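Trainee: Here it is, the structure, as structure tokens.
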Amino acid sequence: MSKLDELINKLCPDGVEYKKLSELGKISMCKRILKTETSTTGDIPFYKIGTFGKKPDAFISKEKYIEYRNKYSYPNKGDILISASGTIGRTVIYDGIPAYYQDSNIVWLAHDESLVLNKYLYYYYQLKPWNISSGGTIQRLYNDNLNKTLIPVPPIEVQCEIVRILDNFTELTAELTAELTARKKQYEYYRDEYIIKSMHTKSKLSDVADIYLGLTYTPTYVEQGIKFISAQNTSNDYLDLSNVKYISEEEYAKCTSNAKPQRGDVLFTRVGSNLGHPVIINTDEPLCIFVSLGYLRVKEEVLLNRYLRHWMNTDLFWAQVRKNVHGAAKVNLNTGWLRDFNIILPTLEEQNRIADILDKFEILCNDISEGLPAEIEARKKQYEYYRDKLLTFKEKKN
């Protein structure tokens with residue numbers, strides 16, 4: 001039997017009392033700040049609903065902050081701030097650092113921690129237990145919604161043990177995420193380092209690969225047929241064919257062959273803010289691409305597609321992009337530029353060795369089915385499962 005089971009059996013064997021938030025404390029908010037009282041720079045950050053939990057873009061004076069903090073309601077360190085509009089129910093633990101918050105849109109429960117722990121509330125709020133009011137197209141949490149929200153309130157000792165367990169889960173996920181960040185930096189370093197150190201000869205990209213663009217017009221779509229893909233299907237660094245449009249076989253037959261990539265070709269996003277994302281086509285089914293995508297077909301006697309894909313992620317590639325962009329507002333990977341790009345070209349054997357090493361790094365860093373991302377996803381699901389289980393109690397009958 002776990003320590004938590006022992007505590008529940010000892011302290012609340014007949015169930016747990018459910019209380020409204022209004023029985024535990026008072027829904028509170030900061031005093032209203034007018035737009036004319038804010039500035040883009042200043043002493044004290046002012047968080048609006050759009051910047052809640054993010055970087056502030058407005059500030060108030062230190063004098064105003066001190067005056068309002070002393071006169072009106074203000075959160076204590078550890079209180080759980082809740083977004084009452086926008087993305088409803090987001091939470092931030094107030095860390096005690098001087099800041100001010102938009103009235104009515106960001107609220108908290110002013111309460112006695114001898115009744116309910118802040119951290120227990122934080123975890124319970126993740127279950128989003130409130131009823132949301134809607135008026136027209138806008139949804140929000142009003143004080144009445146929050147006050148009527150029922151939550152189980154076990155004895156403090158039980159709350160402490162639940163918080164300890166969930167904190168451990170959270171800490172483990174944070175450690176894995178930090179490790180993933182470090183591994184990604186390591187991967188990026190070695191990716192550039194391996195390719196630079198392998199320097200033997202340089203070639204023009206057009207000498208070792210043919211470059212193609214997708215359709216420059218929008219075809220007629222049908223319910224089923226040949227898959228028609230665009231930049232959204234490569235933006236996650238793999239070919240995602242789960243959300244595609246379709247064109248008929250007759251339409252496909254009319255399309256230029258340049259818009260029909262094949263297995264082994266390297267697709268990349270060539271326009272918009274999401275440039276790059278080279279992925280290798282790993283299917284034999286016919287595909288047609290829009291002009292937001294381009295692809296490279298390697299000359300296999302001199303270039304491996306796996307090596308090319310890694311090279312297109314290095315600064316060796318992106319430095320040449322930046323050189324051609326010259327600060328332009330609209331950026332695209334122009335095929336004219338690409339043809340003249342210099343690519344470091346070691347032997348095929350060396351390309352294969354480099355690609356093998358970098359593939360392993362990449363799986364560790366990016367693959368959602370393997371490596372650290374898969375482990376983090378598994379830990380998150382495990383955390384959610386135990387959180388929901390730990391925060392579900394038999395209700396005590398009066």
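Letters A, B, ... go to the chains of the structure tokens in the order shown; residues in each chain start at 1; ligands are counted from 1 in the same order.
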I'd like to know which residues of segment 207-372 of chain A are helix (DSSP H, G or I) (by DSSP, run on the backbone); could you write them as a VMD selection string?
Mentor: chain A and resid 207 to 208 231 to 233 249 to 254 257 to 259 305 to 311 315 to 325 335 to 340 348 to 366 371 to 372
Trainee: Report the distance between atom CA of Gly42 of chain A and atom CA of Tyr101 of chain A in Å, rounded to one decimal place.
Mentor: 14.9 Å
Trainee: Smallest atom-to-atom distance to Asn258 of chain A: which of A:Gly225, A:Leu391, A:Asn282, A:Gly214, using only C-alpha atoms?
Mentor: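 Checking each candidate against Asn258 of chain A, we get A:Gly214 as the closest.
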Trainee: If we count only C-alpha atoms and set the cut-off at 10 Å, which residues sit around Asp57 of chain A, ignoring sequence neighbours fewer than 2 positions away in its own chain? Please answer as an mmCIF file with C-alpha atoms, in the first residue's frame.
Mentor:
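Dumped to selection12.cif:
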```
data_model
loop_
_atom_site.group_PDB
_atom_site.id
_atom_site.type_symbol
_atom_site.label_atom_id
_atom_site.label_comp_id
_atom_site.auth_asym_id
_atom_site.auth_seq_id
_atom_site.Cartn_x
_atom_site.Cartn_y
_atom_site.Cartn_z
ATOM 1 C CA THR A 38 0.972 52.060 -19.642
ATOM 2 C CA SER A 39 4.033 52.459 -21.842
ATOM 3 C CA THR A 40 6.199 50.198 -24.020
ATOM 4 C CA THR A 41 9.089 50.511 -21.568
ATOM 5 C CA PRO A 45 5.688 44.648 -16.442
ATOM 6 C CA PHE A 46 1.950 44.788 -17.030
ATOM 7 C CA TYR A 47 0.547 41.471 -18.255
ATOM 8 C CA LYS A 48 -2.552 41.541 -20.432
ATOM 9 C CA GLY A 50 -2.416 38.320 -24.739
ATOM 10 C CA THR A 51 0.926 38.316 -22.913
ATOM 11 C CA LYS A 54 4.707 35.230 -22.054
ATOM 12 C CA LYS A 55 6.900 38.282 -22.546
ATOM 13 C CA PHE A 59 4.724 48.502 -18.407
#
```
Trainee: Do a neighbour search on Pro13 of chain A at 12 Å with only C-alpha atoms, toss out local chain neighbours closer than 3 positions, and write the hits as a ChimeraX atom specification.
Mentor: /A:4-10,16-17,154-155,158,393-397
Trainee: Can you work out which one of A:Leu267, A:Val208, A:Leu180, A:Leu121 has the shortest atom-to-atom distance to Asn233 of chain A, counting only C-alpha atoms?
Mentor: A:Leu267
Trainee: Hey, which of A:Leu275, A:Ile211, A:Ala182, A:Ile106 ends up closest to Arg322 of chain A? Count only C-alpha atoms.
Mentor: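 Closest residue, counting only C-alpha atoms: A:Leu275.
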Trainee: For Ile132 of chain A, which residue out of A:Leu117, A:Asn332, A:Ala84, A:Leu172 is the nearest one, using only C-alpha atoms?
Mentor: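 Among A:Leu117, A:Asn332, A:Ala84, A:Leu172, it is A:Ala84 that comes nearest to Ile132 of chain A.
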Trainee: Identify which of the residues A:Tyr18, A:Tyr221, A:Tyr122, A:Phe317 lies closest to Ile247 of chain A, counting only C-alpha atoms when measuring atom-to-atom distances.
Mentor: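 Nearest to Ile247 of chain A: A:Tyr221.
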Trainee: Near Tyr385 of chain A, within 12 Å and counting only C-alpha atoms, which residues show up once chain neighbours fewer than 5 positions away are dropped, as a PyMOL selection string?
Mentor: chain A and resi 127+166+169+378-380+390-392
Trainee: Could you jot down the atom CA of Ile357 of chain A to atom CA of Lys323 of chain A separation for me, Å, one decimal place?
Mentor: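 Pair atom CA of Ile357 of chain A / atom CA of Lys323 of chain A returns 29.2 Å.
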Trainee: Please list as a list in words every residue within 6 Å of Trp108 of chain A, counting only C-alpha atoms and excluding residues in the same chain fewer than 5 positions away.
Mentor: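 In the requested form, the answer reads Ile27, Ser28, Ile80, Leu81 and Ile82 of chain A.
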Trainee: Hey, which of A:Tyr100, A:Tyr189, A:Trp318, A:Phe52 ends up closest to Tyr65 of chain A? Count only C-alpha atoms.
Mentor: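 Ranked by minimum distance to Tyr65 of chain A, first place goes to A:Tyr100.
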Trainee: If we count only C-alpha atoms, what is near Ile151 of chain A at a cut-off of 8 Å, once residues fewer than 3 positions away on the same chain are taken out, given as a PDB file with C-alpha atoms, in the first residue's frame?
Mentor:
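Written out: part-v6.pdb:
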```
ATOM      1  CA  TYR A  18     -16.358  18.758  -2.251  1.00  0.00           C
ATOM      2  CA  LYS A  19     -16.411  22.532  -1.773  1.00  0.00           C
ATOM      3  CA  LYS A  20     -17.157  25.504  -3.973  1.00  0.00           C
ATOM      4  CA  LEU A  21     -14.218  27.844  -4.533  1.00  0.00           C
ATOM      5  CA  TYR A 124      -6.597  20.564 -10.003  1.00  0.00           C
ATOM      6  CA  PRO A 129     -13.378  21.957 -13.657  1.00  0.00           C
TER       7      PRO A 129
END
```
Trainee: Interatomic distance between atom CA of Ile289 of chain A and atom CA of Ala231 of chain A?
Mentor: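 That distance, rounded to one decimal, is 8.9 Å.
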